[in-house]
Amino acid sequence: MAIHAKLLSSRFILTGDSRLKITDVELIRFRLPTFSHGTKWGYGVDGEVHDGVQTLTNIVTDEGVEGYATGGVHSYFYGASEDEIERLVKPLLVGQDPFDRGMLWEWMKANRGFSEALVGNIDSALWDLAGRAAGQSVATLMGRTRTKARAYASTAPNIGSPDVYAKLALESRDRGYTAFKIHAYIYADPSTL
């Protein structure tokens with residue numbers, strides 16, 4: 001049984017068959033100052049401040065409910081390109097029910113043009129749309145089990161010797177972090193070992 005979204009005091013109540021249809025997928029570009037510079041490993045490293053292009057993928061429905069996913073300049077999250085939106089995403093999604101996320105996921109996975117990162121970008125926008133339609137957070141829709149999460153410090157990969165990681169861990173502890181995640185030697189670069 002599909003989900004039905006019914007407008008009720010500016011909120012969609014999820015009850016039966018959906019009447020929402022995707023009418024457009026847009027890519028919104030904007031510039032922000034960033035100090036992140038890409039590496040050959042695909043991660044960002046700190047450097048001089050410069051203008052970077054960020055993107056928002058926006059999925060639009062016939063009832064005005066929209067969902068967004070972010071991406072862009074050396075972001076941890078993938079930002080779709082205009083070519084991907086026009087050539088792959090729109091032909092697959094326009095006219096479809098945005099609540100059929102599972103089916104749309106399978107269609108995207110089966111299409112050789114969709115990278116795993118692009119599937120994740122579109123899936124995030126579909127979940128955001130569902131949360132906005134329901135007037136709830138995506139965490140609530142997915143069955144949230146906690147209301148707090150411990151923050152931790154994290155590193156980029158291949159930043160130096162174990163001593164460099166140890167120094168960062170101690171600095172992070174001094175800033176109040178109680179946990180530290182190491183991304184050491186992903187696609188190891190011998191020049192940093």
# chains A, B, ... in the order shown; residues from 1 in each chain; ligands from 1

call {"tool": "closest_atom_pairs", "arguments": {"of": "region 108-166 of chain A", "to": "region 24-44 of chain A", "cutoff": "10 Å", "atoms": "only C-alpha atoms", "output": "Markdown table"}}
result
| residue | atom | partner | partner_atom | distance |
| --- | --- | --- | --- | --- |
| A:Ile122 | CA | A:Val25 | CA | 9.5 |
| A:Ala125 | CA | A:Val25 | CA | 10.0 |
| A:Ala156 | CA | A:Tyr43 | CA | 6.7 |
| A:Pro157 | CA | A:Tyr43 | CA | 7.6 |
| A:Asn158 | CA | A:Trp41 | CA | 8.9 |

call {"tool": "write_last_selection", "arguments": {"atoms": "N, CA and C atoms", "output": "mmCIF file, in the first residue's frame"}}
result
data_model
loop_
_atom_site.group_PDB
_atom_site.id
_atom_site.type_symbol
_atom_site.label_atom_id
_atom_site.label_comp_id
_atom_site.auth_asym_id
_atom_site.auth_seq_id
_atom_site.Cartn_x
_atom_site.Cartn_y
_atom_site.Cartn_z
ATOM 1 N N ILE A 122 20.100 11.981 -4.422
ATOM 2 C CA ILE A 122 18.674 12.017 -4.752
ATOM 3 C C ILE A 122 17.848 11.388 -3.630
ATOM 4 N N ALA A 125 17.360 13.856 -0.860
ATOM 5 C CA ALA A 125 16.338 14.866 -1.191
ATOM 6 C C ALA A 125 14.935 14.274 -1.075
ATOM 7 N N ALA A 156 41.021 14.082 8.076
ATOM 8 C CA ALA A 156 41.106 13.723 6.661
ATOM 9 C C ALA A 156 42.081 12.552 6.567
ATOM 10 N N PRO A 157 42.081 11.823 5.465
ATOM 11 C CA PRO A 157 43.036 10.722 5.336
ATOM 12 C C PRO A 157 44.417 11.213 4.919
ATOM 13 N N ASN A 158 45.391 10.376 5.165
ATOM 14 C CA ASN A 158 46.743 10.579 4.626
ATOM 15 C C ASN A 158 47.348 11.920 5.023
#

call {"tool": "residues_around", "arguments": {"residues": "Asp62 (chain A)", "least_positions_apart": "3", "cutoff": "12 Å", "atoms": "only C-alpha atoms", "output": "PDB file with C-alpha atoms, in the first residue's frame"}}
result
ATOM      1  CA  ALA A   5      -0.287  12.700   1.465  1.00  0.00           C
ATOM      2  CA  SER A  18      -0.112   9.296  -2.539  1.00  0.00           C
ATOM      3  CA  ARG A  19      -1.394  11.963  -4.860  1.00  0.00           C
ATOM      4  CA  LEU A  20       1.914  13.837  -4.964  1.00  0.00           C
ATOM      5  CA  LYS A  21       3.861  13.751  -8.208  1.00  0.00           C
ATOM      6  CA  ILE A  22       7.370  14.973  -8.891  1.00  0.00           C
ATOM      7  CA  THR A  23       7.166  17.816 -11.415  1.00  0.00           C
ATOM      8  CA  ASP A  24      10.756  19.024 -11.532  1.00  0.00           C
ATOM      9  CA  VAL A  25      14.279  18.456 -10.246  1.00  0.00           C
ATOM     10  CA  ILE A  59      12.914  17.894  -5.919  1.00  0.00           C
ATOM     11  CA  VAL A  65       6.226  20.175  -1.249  1.00  0.00           C
ATOM     12  CA  GLU A  66       9.961  20.181  -1.950  1.00  0.00           C
ATOM     13  CA  VAL A  94       9.452  13.431 -13.103  1.00  0.00           C
ATOM     14  CA  GLY A  95       5.896  12.097 -12.948  1.00  0.00           C
ATOM     15  CA  GLN A  96       6.683   9.637 -10.150  1.00  0.00           C
ATOM     16  CA  ASP A  97       5.355   9.520  -6.591  1.00  0.00           C
ATOM     17  CA  PRO A  98       8.106  10.871  -4.293  1.00  0.00           C
TER      18      PRO A  98
END

call {"tool": "select_by_dssp", "arguments": {"residues": "chain A", "states": "strand (DSSP E or B)", "output": "PyMOL selection string"}}
result
chain A and resi 5-8+11-14+22-38+44-61+66-72+153-154+180-181

call {"tool": "write_last_selection", "arguments": {"atoms": "N, CA and C atoms", "output": "short mmCIF file (atom, residue, chain, number, x, y, z; two decimals), in the first residue's frame"}}
result
data_model
loop_
_atom_site.label_atom_id
_atom_site.label_comp_id
_atom_site.auth_asym_id
_atom_site.auth_seq_id
_atom_site.Cartn_x
_atom_site.Cartn_y
_atom_site.Cartn_z
N ALA A 5 -0.59 11.42 0.84
CA ALA A 5 -0.29 12.70 1.46
C ALA A 5 -1.46 13.63 1.24
N LYS A 6 -2.05 14.09 2.29
CA LYS A 6 -3.21 14.97 2.22
C LYS A 6 -2.88 16.27 2.93
N LEU A 7 -3.10 17.39 2.26
CA LEU A 7 -2.80 18.69 2.85
C LEU A 7 -3.80 19.00 3.96
N LEU A 8 -3.28 19.25 5.13
CA LEU A 8 -4.12 19.59 6.28
C LEU A 8 -3.37 20.63 7.09
N ARG A 11 0.28 20.95 6.38
CA ARG A 11 1.03 19.72 6.63
C ARG A 11 0.42 18.59 5.83
N PHE A 12 1.23 17.71 5.33
CA PHE A 12 0.71 16.54 4.64
C PHE A 12 0.61 15.40 5.64
N ILE A 13 -0.55 14.78 5.72
CA ILE A 13 -0.76 13.64 6.60
C ILE A 13 -0.62 12.39 5.75
N LEU A 14 0.23 11.47 6.16
CA LEU A 14 0.50 10.27 5.39
C LEU A 14 -0.53 9.20 5.75
N ILE A 22 6.17 14.15 -8.66
CA ILE A 22 7.37 14.97 -8.89
C ILE A 22 7.17 15.69 -10.22
N THR A 23 7.33 17.02 -10.20
CA THR A 23 7.17 17.82 -11.41
C THR A 23 8.48 18.38 -11.94
N ASP A 24 9.48 18.45 -11.08
CA ASP A 24 10.76 19.02 -11.53
C ASP A 24 11.87 18.61 -10.56
N VAL A 25 13.08 18.62 -11.06
CA VAL A 25 14.28 18.46 -10.25
C VAL A 25 15.22 19.57 -10.67
N GLU A 26 15.60 20.40 -9.71
CA GLU A 26 16.43 21.57 -10.00
C GLU A 26 17.78 21.43 -9.32
N LEU A 27 18.77 22.05 -9.93
CA LEU A 27 20.07 22.18 -9.29
C LEU A 27 20.28 23.66 -9.01
N ILE A 28 20.43 23.99 -7.75
CA ILE A 28 20.63 25.38 -7.33
C ILE A 28 22.10 25.54 -6.98
N ARG A 29 22.77 26.47 -7.63
CA ARG A 29 24.20 26.72 -7.38
C ARG A 29 24.37 28.06 -6.69
N PHE A 30 25.33 28.11 -5.77
CA PHE A 30 25.65 29.37 -5.13
C PHE A 30 27.10 29.32 -4.66
N ARG A 31 27.67 30.49 -4.46
CA ARG A 31 29.08 30.58 -4.04
C ARG A 31 29.17 30.89 -2.56
N LEU A 32 30.15 30.25 -1.92
CA LEU A 32 30.45 30.50 -0.52
C LEU A 32 31.95 30.51 -0.34
N PRO A 33 32.46 31.32 0.57
CA PRO A 33 33.89 31.23 0.86
C PRO A 33 34.19 29.89 1.54
N THR A 34 35.27 29.27 1.14
CA THR A 34 35.67 28.01 1.74
C THR A 34 37.19 27.98 1.86
N PHE A 35 37.68 27.22 2.79
CA PHE A 35 39.13 27.03 2.90
C PHE A 35 39.50 25.61 2.51
N SER A 36 38.53 24.85 2.01
CA SER A 36 38.76 23.46 1.64
C SER A 36 39.29 23.38 0.20
N HIS A 37 40.33 22.59 0.03
CA HIS A 37 40.93 22.34 -1.29
C HIS A 37 40.96 20.84 -1.50
N GLY A 38 40.53 20.41 -2.67
CA GLY A 38 40.47 18.98 -2.96
C GLY A 38 41.84 18.34 -3.10
N GLY A 44 38.83 16.97 1.19
CA GLY A 44 39.29 18.35 1.26
C GLY A 44 40.34 18.51 2.34
N VAL A 45 41.28 19.40 2.10
CA VAL A 45 42.27 19.77 3.10
C VAL A 45 42.24 21.28 3.26
N ASP A 46 42.62 21.77 4.44
CA ASP A 46 42.62 23.20 4.71
C ASP A 46 43.64 23.93 3.86
N GLY A 47 43.28 25.14 3.45
CA GLY A 47 44.18 25.98 2.68
C GLY A 47 43.67 27.41 2.69
N GLU A 48 44.11 28.18 1.70
CA GLU A 48 43.68 29.58 1.59
C GLU A 48 42.19 29.66 1.31
N VAL A 49 41.56 30.71 1.84
CA VAL A 49 40.13 30.93 1.58
C VAL A 49 39.94 31.33 0.12
N HIS A 50 38.91 30.74 -0.50
CA HIS A 50 38.56 31.05 -1.88
C HIS A 50 37.07 30.83 -2.06
N ASP A 51 36.51 31.34 -3.17
CA ASP A 51 35.10 31.11 -3.46
C ASP A 51 34.93 29.68 -3.96
N GLY A 52 33.94 29.00 -3.43
CA GLY A 52 33.63 27.65 -3.87
C GLY A 52 32.17 27.55 -4.24
N VAL A 53 31.86 26.71 -5.22
CA VAL A 53 30.47 26.52 -5.65
C VAL A 53 29.86 25.37 -4.86
N GLN A 54 28.77 25.67 -4.18
CA GLN A 54 27.99 24.66 -3.48
C GLN A 54 26.72 24.42 -4.30
N THR A 55 26.07 23.29 -4.07
CA THR A 55 24.82 23.01 -4.78
C THR A 55 23.76 22.49 -3.83
N LEU A 56 22.52 22.72 -4.22
CA LEU A 56 21.36 22.10 -3.60
C LEU A 56 20.60 21.39 -4.71
N THR A 57 20.31 20.12 -4.50
CA THR A 57 19.41 19.41 -5.40
C THR A 57 18.02 19.58 -4.82
N ASN A 58 17.08 20.07 -5.62
CA ASN A 58 15.72 20.37 -5.16
C ASN A 58 14.73 19.54 -5.96
N ILE A 59 13.97 18.67 -5.28
CA ILE A 59 12.91 17.89 -5.92
C ILE A 59 11.59 18.60 -5.61
N VAL A 60 10.85 18.93 -6.67
CA VAL A 60 9.63 19.73 -6.59
C VAL A 60 8.42 18.84 -6.92
N THR A 61 7.32 19.04 -6.18
CA THR A 61 6.09 18.29 -6.46
C THR A 61 4.98 19.22 -6.91
N GLU A 66 8.65 20.33 -1.34
CA GLU A 66 9.96 20.18 -1.95
C GLU A 66 10.90 19.49 -0.99
N GLY A 67 11.94 18.87 -1.56
CA GLY A 67 12.98 18.24 -0.75
C GLY A 67 14.35 18.62 -1.28
N TYR A 68 15.31 18.79 -0.37
CA TYR A 68 16.63 19.28 -0.73
C TYR A 68 17.73 18.33 -0.27
N ALA A 69 18.83 18.34 -1.02
CA ALA A 69 20.06 17.66 -0.61
C ALA A 69 21.22 18.57 -0.98
N THR A 70 22.22 18.63 -0.11
CA THR A 70 23.36 19.53 -0.32
C THR A 70 24.54 18.79 -0.93
N GLY A 71 25.46 19.56 -1.45
CA GLY A 71 26.71 19.02 -1.98
C GLY A 71 27.55 20.14 -2.52
N GLY A 72 28.72 19.80 -3.00
CA GLY A 72 29.54 20.82 -3.63
C GLY A 72 30.99 20.76 -3.23
N ALA A 153 35.55 14.37 17.01
CA ALA A 153 36.46 15.00 16.06
C ALA A 153 36.83 13.97 15.00
N SER A 154 37.21 14.42 13.82
CA SER A 154 37.55 13.51 12.74
C SER A 154 38.69 14.09 11.91
N PHE A 180 37.35 10.42 18.94
CA PHE A 180 38.19 10.86 17.82
C PHE A 180 38.16 9.78 16.74
N LYS A 181 37.81 10.16 15.51
CA LYS A 181 37.74 9.22 14.39
C LYS A 181 38.92 9.46 13.46
#

call {"tool": "atom_distance", "arguments": {"atom1": "CA of Leu129 (chain A)", "atom2": "CA of Phe99 (chain A)"}}
result
8.6 Å

call {"tool": "select_by_dssp", "arguments": {"residues": "region 16-126 of chain A", "states": "helix (DSSP H, G or I)", "output": "JSON, numbers by chain"}}
result
{"A": [82, 83, 84, 85, 86, 87, 88, 89, 90, 91, 92, 93, 101, 102, 103, 104, 105, 106, 107, 108, 109, 110, 116, 117, 118, 119, 120, 121, 122, 123, 124, 125, 126]}

call {"tool": "write_last_selection", "arguments": {"atoms": "N, CA and C atoms", "output": "compact mmCIF listing (two decimals), in the first residue's frame"}}
result
# COMPACT_ATOMS: atom_id res chain seq x y z
N GLU A 82 24.64 19.52 -13.32
CA GLU A 82 23.51 19.88 -14.18
C GLU A 82 23.27 18.79 -15.22
N ASP A 83 24.33 18.23 -15.78
CA ASP A 83 24.21 17.16 -16.77
C ASP A 83 23.51 15.94 -16.17
N GLU A 84 23.88 15.55 -14.96
CA GLU A 84 23.25 14.39 -14.32
C GLU A 84 21.76 14.64 -14.08
N ILE A 85 21.44 15.84 -13.63
CA ILE A 85 20.03 16.18 -13.37
C ILE A 85 19.22 16.09 -14.66
N GLU A 86 19.71 16.71 -15.73
CA GLU A 86 18.96 16.76 -16.99
C GLU A 86 18.93 15.42 -17.71
N ARG A 87 20.05 14.72 -17.75
CA ARG A 87 20.18 13.49 -18.54
C ARG A 87 19.67 12.24 -17.82
N LEU A 88 19.83 12.19 -16.49
CA LEU A 88 19.50 10.97 -15.74
C LEU A 88 18.33 11.13 -14.78
N VAL A 89 18.42 12.15 -13.93
CA VAL A 89 17.48 12.25 -12.82
C VAL A 89 16.08 12.64 -13.28
N LYS A 90 15.95 13.73 -14.05
CA LYS A 90 14.62 14.17 -14.48
C LYS A 90 13.87 13.09 -15.26
N PRO A 91 14.48 12.46 -16.27
CA PRO A 91 13.72 11.45 -17.01
C PRO A 91 13.22 10.30 -16.13
N LEU A 92 13.94 9.98 -15.08
CA LEU A 92 13.55 8.88 -14.21
C LEU A 92 12.52 9.29 -13.16
N LEU A 93 12.64 10.52 -12.61
CA LEU A 93 11.81 10.91 -11.47
C LEU A 93 10.56 11.71 -11.80
N ARG A 101 10.10 5.82 -2.52
CA ARG A 101 11.56 5.90 -2.43
C ARG A 101 12.23 4.56 -2.71
N GLY A 102 11.68 3.49 -2.21
CA GLY A 102 12.28 2.17 -2.42
C GLY A 102 12.34 1.80 -3.89
N MET A 103 11.22 2.00 -4.58
CA MET A 103 11.18 1.71 -6.02
C MET A 103 12.15 2.61 -6.78
N LEU A 104 12.14 3.91 -6.45
CA LEU A 104 13.03 4.86 -7.14
C LEU A 104 14.49 4.51 -6.87
N TRP A 105 14.80 4.08 -5.65
CA TRP A 105 16.16 3.65 -5.30
C TRP A 105 16.58 2.49 -6.20
N GLU A 106 15.70 1.50 -6.35
CA GLU A 106 16.02 0.33 -7.18
C GLU A 106 16.21 0.74 -8.64
N TRP A 107 15.38 1.65 -9.13
CA TRP A 107 15.52 2.12 -10.50
C TRP A 107 16.87 2.83 -10.69
N MET A 108 17.24 3.67 -9.72
CA MET A 108 18.51 4.40 -9.84
C MET A 108 19.68 3.43 -9.78
N LYS A 109 19.64 2.47 -8.86
CA LYS A 109 20.73 1.48 -8.73
C LYS A 109 20.89 0.67 -10.01
N ALA A 110 19.77 0.37 -10.68
CA ALA A 110 19.81 -0.45 -11.89
C ALA A 110 20.29 0.33 -13.12
N GLU A 116 26.88 5.67 -7.16
CA GLU A 116 26.39 5.48 -5.80
C GLU A 116 26.18 6.83 -5.11
N ALA A 117 27.09 7.78 -5.39
CA ALA A 117 26.99 9.11 -4.79
C ALA A 117 25.76 9.86 -5.29
N LEU A 118 25.45 9.75 -6.57
CA LEU A 118 24.27 10.43 -7.11
C LEU A 118 23.00 9.80 -6.54
N VAL A 119 22.95 8.48 -6.42
CA VAL A 119 21.80 7.82 -5.80
C VAL A 119 21.59 8.36 -4.38
N GLY A 120 22.68 8.49 -3.62
CA GLY A 120 22.59 9.01 -2.26
C GLY A 120 22.08 10.44 -2.21
N ASN A 121 22.53 11.27 -3.15
CA ASN A 121 22.09 12.66 -3.20
C ASN A 121 20.58 12.74 -3.44
N ILE A 122 20.10 11.98 -4.42
CA ILE A 122 18.67 12.02 -4.75
C ILE A 122 17.85 11.39 -3.63
N ASP A 123 18.33 10.29 -3.07
CA ASP A 123 17.61 9.64 -1.96
C ASP A 123 17.50 10.58 -0.76
N SER A 124 18.55 11.34 -0.48
CA SER A 124 18.50 12.31 0.63
C SER A 124 17.45 13.37 0.38
N ALA A 125 17.36 13.86 -0.86
CA ALA A 125 16.34 14.87 -1.19
C ALA A 125 14.94 14.27 -1.08
N LEU A 126 14.76 13.00 -1.46
CA LEU A 126 13.45 12.36 -1.34
C LEU A 126 13.05 12.19 0.14
